[in-house]
$ cat input.txt   # compact mmCIF, C-alpha atoms
# COMPACT_ATOMS: atom_id res chain seq x y z
CA MET A 227 11.16 7.34 -34.72
CA TYR A 228 10.76 7.15 -30.95
CA GLN A 229 7.30 7.14 -29.41
CA PHE A 230 7.14 7.86 -25.68
CA THR A 231 4.42 7.97 -23.09
CA PHE A 232 5.52 9.50 -19.78
CA LEU A 233 3.08 8.32 -17.09
CA ARG A 234 2.75 9.30 -13.45
CA HIS A 235 1.89 6.49 -11.03
CA ALA A 236 -1.62 5.90 -9.64
CA GLU A 237 -2.71 7.09 -6.21
CA SER A 238 -0.44 6.02 -3.35
CA ASP A 239 -0.87 6.04 0.40
CA GLY A 240 1.25 9.19 0.50
CA ASN A 241 -0.95 10.95 -2.05
CA ALA A 242 -4.08 10.05 -0.12
CA ASN A 243 -2.57 11.31 3.14
CA GLY A 244 -1.11 14.54 1.73
CA GLN A 245 2.46 13.51 2.52
CA ILE A 246 5.73 14.53 0.92
CA GLN A 247 6.76 11.18 -0.50
CA GLY A 248 9.98 11.72 -2.39
CA GLN A 249 11.91 8.46 -2.42
CA SER A 250 9.93 6.91 0.44
CA ASP A 251 8.62 3.58 -0.79
CA LEU A 252 4.85 3.71 -0.33
CA PRO A 253 2.29 1.37 -1.96
CA LEU A 254 -0.77 2.16 -4.03
CA THR A 255 -4.11 2.62 -2.32
CA ALA A 256 -7.10 0.50 -3.35
CA MET A 257 -8.20 3.50 -5.42
CA GLY A 258 -4.77 3.61 -7.03
CA GLU A 259 -5.00 -0.06 -7.96
CA GLY A 260 -8.33 0.71 -9.59
CA GLN A 261 -6.94 3.72 -11.45
CA ALA A 262 -4.11 1.68 -12.92
CA SER A 263 -6.49 -1.14 -13.89
CA GLU A 264 -8.90 1.30 -15.52
CA LEU A 265 -6.09 2.91 -17.52
CA ALA A 266 -4.90 -0.54 -18.62
CA ARG A 267 -8.43 -1.42 -19.79
CA ARG A 268 -8.72 1.86 -21.65
CA TRP A 269 -5.42 1.46 -23.41
CA LYS A 270 -6.18 -2.14 -24.31
CA SER A 271 -9.50 -1.11 -25.87
CA GLU A 272 -7.70 1.64 -27.81
CA GLY A 273 -5.18 -0.87 -29.12
CA ARG A 274 -2.18 0.92 -27.64
CA GLN A 275 1.08 -0.90 -28.21
CA TYR A 276 4.54 -0.49 -26.72
CA ASP A 277 7.78 -2.37 -27.11
CA GLN A 278 8.87 -1.88 -23.50
CA VAL A 279 7.62 -0.54 -20.17
CA ILE A 280 10.33 1.16 -18.09
CA ALA A 281 9.49 2.12 -14.51
CA SER A 282 10.88 3.56 -11.32
CA PRO A 283 11.45 0.71 -8.84
CA LEU A 284 9.48 2.42 -6.04
CA GLN A 285 6.32 0.46 -5.15
CA ARG A 286 3.81 3.03 -6.35
CA THR A 287 5.35 3.26 -9.82
CA TRP A 288 6.35 -0.37 -10.15
CA ARG A 289 2.86 -1.63 -9.26
CA THR A 290 1.24 0.84 -11.69
CA ALA A 291 3.56 -0.35 -14.45
CA GLN A 292 3.03 -3.99 -13.51
CA ILE A 293 -0.76 -3.75 -13.83
CA ILE A 294 -0.48 -2.13 -17.25
CA SER A 295 2.28 -4.39 -18.56
CA GLU A 296 0.35 -7.51 -17.55
CA ALA A 297 -2.85 -6.27 -19.20
CA LEU A 298 -1.06 -5.35 -22.43
CA ASN A 299 1.39 -8.30 -22.31
CA LEU A 300 4.49 -6.10 -22.32
CA PRO A 301 8.01 -6.59 -20.97
CA LEU A 302 8.70 -4.55 -17.83
CA GLU A 303 12.08 -3.13 -16.81
CA SER A 304 13.17 -1.29 -13.66
CA HIS A 305 15.21 1.93 -13.99
CA PRO A 306 16.58 3.51 -10.78
CA GLY A 307 17.10 6.85 -12.53
CA LEU A 308 13.32 7.30 -12.71
CA VAL A 309 12.81 7.57 -8.93
CA GLU A 310 11.19 10.67 -7.49
CA ARG A 311 13.08 13.74 -6.35
CA GLY A 312 14.58 13.19 -2.92
CA PHE A 313 13.23 15.49 -0.20
CA GLY A 314 15.55 14.55 2.63
CA THR A 315 14.30 14.92 6.19
CA ILE A 316 10.86 16.25 5.21
CA GLU A 317 9.83 13.01 3.49
CA GLY A 318 6.80 11.60 5.27
CA ARG A 319 5.74 15.03 6.58
CA LEU A 320 2.34 16.48 5.67
CA LEU A 321 2.62 19.16 2.99
CA ALA A 322 -0.15 21.25 4.59
CA GLU A 323 1.76 21.35 7.89
CA LEU A 324 5.05 22.19 6.22
CA MET A 325 3.51 25.14 4.39
CA GLN A 326 2.43 26.61 7.75
CA GLU A 327 6.03 26.82 8.95
CA ASP A 328 7.90 30.14 8.96
CA PRO A 329 9.52 30.08 6.54
CA PRO A 330 7.88 27.27 4.55
CA PRO A 331 10.10 24.94 2.49
CA ASN A 332 11.40 26.40 -0.76
CA PHE A 333 10.87 23.81 -3.52
CA THR A 334 11.65 26.11 -6.48
CA ASP A 335 15.12 27.47 -5.72
CA PRO A 336 17.24 25.66 -8.32
CA TYR A 337 20.18 25.07 -5.97
CA LEU A 338 18.51 24.55 -2.59
CA LYS A 339 18.34 21.01 -1.21
CA PRO A 340 14.97 20.48 0.52
CA GLY A 341 15.08 18.68 3.84
CA GLU A 342 18.86 19.26 4.05
CA GLN A 343 19.81 16.01 2.29
CA GLY A 344 17.27 16.22 -0.54
CA GLU A 345 17.95 16.84 -4.23
CA SER A 346 18.07 20.34 -5.66
CA LEU A 347 16.12 20.99 -8.84
CA VAL A 348 19.42 21.24 -10.71
CA GLU A 349 20.38 17.77 -9.51
CA VAL A 350 17.02 16.33 -10.57
CA PHE A 351 17.27 18.11 -13.92
CA ASN A 352 20.74 16.66 -14.50
CA ARG A 353 19.49 13.18 -13.61
CA ALA A 354 16.54 13.64 -15.99
CA GLY A 355 18.93 14.62 -18.78
CA GLN A 356 20.92 11.44 -18.22
CA VAL A 357 17.75 9.35 -18.28
CA LEU A 358 16.64 11.03 -21.51
CA GLN A 359 20.04 10.41 -23.10
CA GLY A 360 19.73 6.75 -22.13
CA LEU A 361 16.24 6.45 -23.59
CA LEU A 362 17.44 7.90 -26.88
CA SER A 363 20.38 5.46 -26.91
CA ARG A 364 17.93 2.56 -27.14
CA PRO A 365 16.63 1.24 -30.48
CA GLN A 366 13.91 3.36 -32.00
CA GLY A 367 10.50 2.15 -30.89
CA ARG A 368 7.57 2.68 -28.51
CA TYR A 369 8.28 3.13 -24.82
CA LEU A 370 6.05 3.60 -21.81
CA VAL A 371 7.99 5.35 -19.02
CA VAL A 372 6.37 5.26 -15.56
CA SER A 373 7.68 7.74 -13.01
CA HIS A 374 6.74 10.52 -10.56
CA GLY A 375 5.37 14.05 -10.78
CA ALA A 376 8.41 16.12 -9.79
CA PHE A 377 10.80 13.97 -11.83
CA LEU A 378 8.54 14.04 -14.90
CA ASN A 379 8.53 17.83 -14.73
CA MET A 380 12.32 17.90 -15.03
CA LEU A 381 12.21 15.24 -17.75
CA LEU A 382 9.92 17.50 -19.76
CA TYR A 383 12.18 20.47 -19.07
CA ALA A 384 14.97 18.43 -20.66
CA VAL A 385 12.77 17.57 -23.66
CA ILE A 386 11.65 21.14 -24.27
CA GLY A 387 15.05 22.70 -23.65
CA LEU A 388 14.22 24.56 -20.45
CA SER A 389 16.29 24.57 -17.29
CA PRO A 390 15.50 25.20 -13.62
CA HIS A 391 18.15 27.95 -13.62
CA ASN A 392 16.23 30.40 -15.78
CA SER A 393 12.66 29.13 -16.28
CA PRO A 394 9.66 30.90 -14.72
CA ARG A 395 8.79 29.40 -11.36
CA SER A 396 5.14 29.24 -12.39
CA LEU A 397 5.87 26.78 -15.22
CA ARG A 398 4.89 23.36 -13.94
CA PHE A 399 3.44 20.34 -15.71
CA SER A 400 0.59 19.14 -13.53
CA PHE A 401 0.34 15.35 -13.71
CA SER A 402 -2.60 13.89 -11.83
CA ASN A 403 -2.32 10.27 -10.67
CA THR A 404 -2.22 8.25 -13.94
CA GLY A 405 -1.79 11.49 -15.89
CA TYR A 406 0.37 11.04 -18.97
CA ILE A 407 1.87 12.80 -21.97
CA ASP A 408 2.45 11.31 -25.42
CA LEU A 409 5.47 12.48 -27.42
CA VAL A 410 7.50 11.48 -30.43
CA TYR A 411 11.13 12.19 -31.24
CA LEU A 412 12.32 12.26 -34.84
CA PRO A 413 16.08 11.68 -34.73
CA ASP A 414 16.67 12.44 -38.41
CA ILE A 415 15.63 16.06 -37.87
CA GLN A 416 16.29 16.22 -34.09
CA GLN A 417 12.71 17.27 -33.39
CA TRP A 418 10.34 16.56 -30.52
CA ARG A 419 6.57 16.66 -30.99
CA ILE A 420 4.17 16.70 -28.06
CA LEU A 421 0.98 14.95 -29.13
CA GLN A 422 -1.31 14.87 -26.11
CA PHE A 423 -1.38 15.59 -22.37
CA THR A 424 -4.08 13.62 -20.54
CA ASN A 425 -5.13 13.74 -16.87
CA LEU A 426 -7.74 11.10 -16.06
CA ALA A 427 -7.89 11.03 -12.26
CA GLU A 428 -8.73 14.66 -11.48
$ encode --input "input.txt" --output "C-alpha cells"
Amino acid sequence: MYQFTFLRHAESDGNANGQIQGQSDLPLTAMGEGQASELARRWKSEGRQYDQVIASPLQRTWRTAQIISEALNLPLESHPGLVERGFGTIEGRLLAELMQEDPPPNFTDPYLKPGEQGESLVEVFNRAGQVLQGLLSRPQGRYLVVSHGAFLNMLLYAVIGLSPHNSPRSLRFSFSNTGYIDLVYLPDIQQWRILQFTNLAE
C-alpha cells in the first residue's frame, strides 16, 4: 500500500504580495516559517510517520519541507517535476492588476500558454502524470510530497482520472498555504482512496 500526503507550501513573499509566482524562486515569509513550524509540531504530536519527504526545489516548497523533515527526522529529496506551473512573462505581476486588463489572462484554456512562454494546463497535467507514475514506481510506503497549488490540482486530476480537456472549469482543489490531502493507493486492486483534505491557514 502507498500512503501519500500532498502538501502545499507555507506562505511565501509572492503569496503575501498577491503576485503570480509560477516558477519564480521566492522565499517564505516570517508567517510562512511559522505555519510550517506549527504544522510540523502538530504532525509530531499526532505521531505522523513517513518514509520519505519529496519536495519541489523552489525555495518556498523546499524550506517548508525542510522544517517538517527536520522536526520529524525524515529524509528529504528534491524533485524538479514538482515545481509550479510556469506562467511565462506574467510571473511577478500582481494578480489583481492582471485581472483588470482587457482581456484578462485565461488560466483555464487547456491549450493556452499563459504569459506566452508559460505552461498550458495540458502540459502541467502531462507532467503531473509523469510524476505520479514515478511515485508509484517507488517501493510501497509513506510519502510526503510538497509542491504548489496549481501543480497539485493537476496531480489530483491525474489521481481521480480527470483531464483539463473535458473537466468543468469550476472544478478546482483549493489548497491554502500548508493545506494538504491524505490519500492511499492500493496497487493490488488499482484503487485510490482519498482520506482527508485539510486547510489550516485559512
$ atom_distance --input "input.txt" --atom1 "CA of Asp251 in chain A" --atom2 "CA of Trp269 in chain A"
26.7 Å
$ residues_around --input "input.txt" --residues "Lys339 in chain A" --least-positions-apart "5" --cutoff "10 Å" --atoms "all atoms listed in the file" --output "mmCIF file with C-alpha atoms, in the frame of the given file"
data_model
loop_
_atom_site.group_PDB
_atom_site.id
_atom_site.type_symbol
_atom_site.label_atom_id
_atom_site.label_comp_id
_atom_site.auth_asym_id
_atom_site.auth_seq_id
_atom_site.Cartn_x
_atom_site.Cartn_y
_atom_site.Cartn_z
ATOM 1 C CA GLY A 312 14.580 13.190 -2.920
ATOM 2 C CA PHE A 313 13.230 15.490 -0.200
ATOM 3 C CA GLY A 314 15.550 14.550 2.630
ATOM 4 C CA PRO A 331 10.100 24.940 2.490
ATOM 5 C CA ASN A 332 11.400 26.400 -0.760
ATOM 6 C CA PHE A 333 10.870 23.810 -3.520
ATOM 7 C CA THR A 334 11.650 26.110 -6.480
ATOM 8 C CA GLY A 344 17.270 16.220 -0.540
ATOM 9 C CA GLU A 345 17.950 16.840 -4.230
ATOM 10 C CA SER A 346 18.070 20.340 -5.660
ATOM 11 C CA LEU A 347 16.120 20.990 -8.840
ATOM 12 C CA VAL A 348 19.420 21.240 -10.710
ATOM 13 C CA GLU A 349 20.380 17.770 -9.510
#
$ atom_distance --input "input.txt" --atom1 "CA of Ala262 in chain A" --atom2 "CA of Phe232 in chain A"
14.2 Å
$ closest_residue --input "input.txt" --among "A:Asn241, A:Ser271, A:Thr231, A:Gln359" --to "Asp408 in chain A" --atoms "only C-alpha atoms"
A:Thr231
$ closest_residue --input "input.txt" --among "A:Val371, A:Phe401, A:Gly341, A:Gln261" --to "Ser304 in chain A" --atoms "all atoms listed in the file"
A:Val371
$ residues_around --input "input.txt" --residues "Gln356 in chain A" --least-positions-apart "3" --cutoff "12 Å" --atoms "only C-alpha atoms" --output "PyMOL selection string"
chain A and resi 305-308+349-353+359-363+380-381+384-385
$ closest_residue --input "input.txt" --among "A:Asn392, A:Gln422, A:Gln278, A:Ser402" --to "Pro365 in chain A" --atoms "all atoms listed in the file"
A:Gln278
$ residues_around --input "input.txt" --residues "Tyr406 in chain A" --least-positions-apart "5" --cutoff "6 Å" --atoms "all atoms listed in the file" --output "VMD selection string"
chain A and resid 232 to 233 423 to 424
$ write_last_selection --input "input.txt" --atoms "C-alpha atoms" --output "PDB file, in the coordinates of the input"
ATOM      1  CA  PHE A 232       5.520   9.500 -19.780  1.00  0.00           C
ATOM      2  CA  LEU A 233       3.080   8.320 -17.090  1.00  0.00           C
ATOM      3  CA  PHE A 423      -1.380  15.590 -22.370  1.00  0.00           C
ATOM      4  CA  THR A 424      -4.080  13.620 -20.540  1.00  0.00           C
TER       5      THR A 424
END
$ closest_residue --input "input.txt" --among "A:Gly367, A:Gly248, A:Pro329, A:Pro253" --to "Ile316 in chain A" --atoms "all atoms listed in the file"
A:Gly248
$ closest_residue --input "input.txt" --among "A:Glu310, A:Glu296, A:Asp239, A:Glu317" --to "Val372 in chain A" --atoms "all atoms listed in the file"
A:Glu310
$ residues_around --input "input.txt" --residues "Leu265 in chain A" --least-positions-apart "4" --cutoff "9 Å" --atoms "all atoms listed in the file" --output "PyMOL selection string"
chain A and resi 260-261+269-270+294+404+426
$ write_last_selection --input "input.txt" --atoms "C-alpha atoms" --output "PDB file, in the coordinates of the input"
ATOM      1  CA  GLY A 260      -8.330   0.710  -9.590  1.00  0.00           C
ATOM      2  CA  GLN A 261      -6.940   3.720 -11.450  1.00  0.00           C
ATOM      3  CA  TRP A 269      -5.420   1.460 -23.410  1.00  0.00           C
ATOM      4  CA  LYS A 270      -6.180  -2.140 -24.310  1.00  0.00           C
ATOM      5  CA  ILE A 294      -0.480  -2.130 -17.250  1.00  0.00           C
ATOM      6  CA  THR A 404      -2.220   8.250 -13.940  1.00  0.00           C
ATOM      7  CA  LEU A 426      -7.740  11.100 -16.060  1.00  0.00           C
TER       8      LEU A 426
END
$ atom_distance --input "input.txt" --atom1 "CA of Asp277 in chain A" --atom2 "CA of Leu300 in chain A"
6.9 Å
$ decode --input "input.txt" --residues "range 397-419 of chain A" --atoms "N, CA, C and O atoms" --output "compact mmCIF listing (two decimals), in the first residue's frame"
# COMPACT_ATOMS: atom_id res chain seq x y z
N LEU A 397 -14.11 23.18 -11.43
CA LEU A 397 -13.58 22.15 -10.53
C LEU A 397 -12.12 22.47 -10.20
O LEU A 397 -11.22 22.31 -11.04
N ARG A 398 -11.92 22.94 -8.99
CA ARG A 398 -10.57 23.30 -8.55
C ARG A 398 -10.40 22.89 -7.10
O ARG A 398 -11.30 23.09 -6.28
N PHE A 399 -9.27 22.31 -6.78
CA PHE A 399 -8.96 21.91 -5.41
C PHE A 399 -8.23 23.08 -4.75
O PHE A 399 -7.14 23.45 -5.16
N SER A 400 -8.86 23.66 -3.75
CA SER A 400 -8.35 24.91 -3.16
C SER A 400 -7.45 24.60 -1.97
O SER A 400 -7.91 24.37 -0.85
N PHE A 401 -6.15 24.60 -2.22
CA PHE A 401 -5.16 24.38 -1.17
C PHE A 401 -4.76 25.74 -0.58
O PHE A 401 -4.21 26.59 -1.28
N SER A 402 -5.01 25.94 0.68
CA SER A 402 -4.44 27.10 1.37
C SER A 402 -2.95 26.84 1.58
O SER A 402 -2.45 25.74 1.33
N ASN A 403 -2.21 27.85 2.04
CA ASN A 403 -0.82 27.60 2.43
C ASN A 403 -0.81 26.59 3.57
O ASN A 403 -1.54 26.73 4.55
N THR A 404 -0.01 25.55 3.42
CA THR A 404 0.07 24.36 4.28
C THR A 404 -1.22 23.54 4.26
O THR A 404 -1.44 22.70 5.14
N GLY A 405 -2.06 23.72 3.25
CA GLY A 405 -3.19 22.81 3.05
C GLY A 405 -2.67 21.49 2.50
O GLY A 405 -1.67 21.45 1.77
N TYR A 406 -3.34 20.39 2.86
CA TYR A 406 -2.85 19.09 2.41
C TYR A 406 -3.99 18.09 2.26
O TYR A 406 -5.08 18.28 2.80
N ILE A 407 -3.72 17.05 1.49
CA ILE A 407 -4.69 15.97 1.29
C ILE A 407 -3.98 14.64 1.54
O ILE A 407 -2.84 14.44 1.12
N ASP A 408 -4.64 13.76 2.26
CA ASP A 408 -4.14 12.43 2.56
C ASP A 408 -4.85 11.41 1.67
O ASP A 408 -6.08 11.41 1.58
N LEU A 409 -4.06 10.56 1.01
CA LEU A 409 -4.60 9.54 0.13
C LEU A 409 -3.87 8.22 0.33
O LEU A 409 -2.75 8.20 0.84
N VAL A 410 -4.50 7.15 -0.08
CA VAL A 410 -3.81 5.86 -0.17
C VAL A 410 -4.06 5.29 -1.56
O VAL A 410 -5.08 5.58 -2.20
N TYR A 411 -3.12 4.50 -2.02
CA TYR A 411 -3.29 3.75 -3.27
C TYR A 411 -3.05 2.28 -2.98
O TYR A 411 -2.02 1.91 -2.40
N LEU A 412 -4.01 1.45 -3.38
CA LEU A 412 -3.94 0.01 -3.17
C LEU A 412 -3.61 -0.65 -4.51
O LEU A 412 -4.50 -0.83 -5.36
N PRO A 413 -2.35 -0.97 -4.75
CA PRO A 413 -1.97 -1.47 -6.08
C PRO A 413 -2.60 -2.82 -6.44
O PRO A 413 -2.81 -3.09 -7.63
N ASP A 414 -2.90 -3.65 -5.45
CA ASP A 414 -3.46 -4.96 -5.77
C ASP A 414 -4.82 -4.86 -6.45
O ASP A 414 -5.18 -5.70 -7.27
N ILE A 415 -5.57 -3.80 -6.11
CA ILE A 415 -6.89 -3.61 -6.72
C ILE A 415 -6.96 -2.32 -7.53
O ILE A 415 -8.03 -1.91 -7.97
N GLN A 416 -5.82 -1.67 -7.74
CA GLN A 416 -5.71 -0.44 -8.52
C GLN A 416 -6.75 0.60 -8.07
O GLN A 416 -7.50 1.15 -8.88
N GLN A 417 -6.76 0.88 -6.78
CA GLN A 417 -7.79 1.78 -6.24
C GLN A 417 -7.16 2.87 -5.37
O GLN A 417 -6.32 2.60 -4.51
N TRP A 418 -7.59 4.10 -5.66
CA TRP A 418 -7.24 5.24 -4.82
C TRP A 418 -8.33 5.48 -3.80
O TRP A 418 -9.51 5.29 -4.08
N ARG A 419 -7.93 5.93 -2.62
CA ARG A 419 -8.88 6.35 -1.59
C ARG A 419 -8.42 7.69 -1.02
O ARG A 419 -7.29 7.80 -0.55
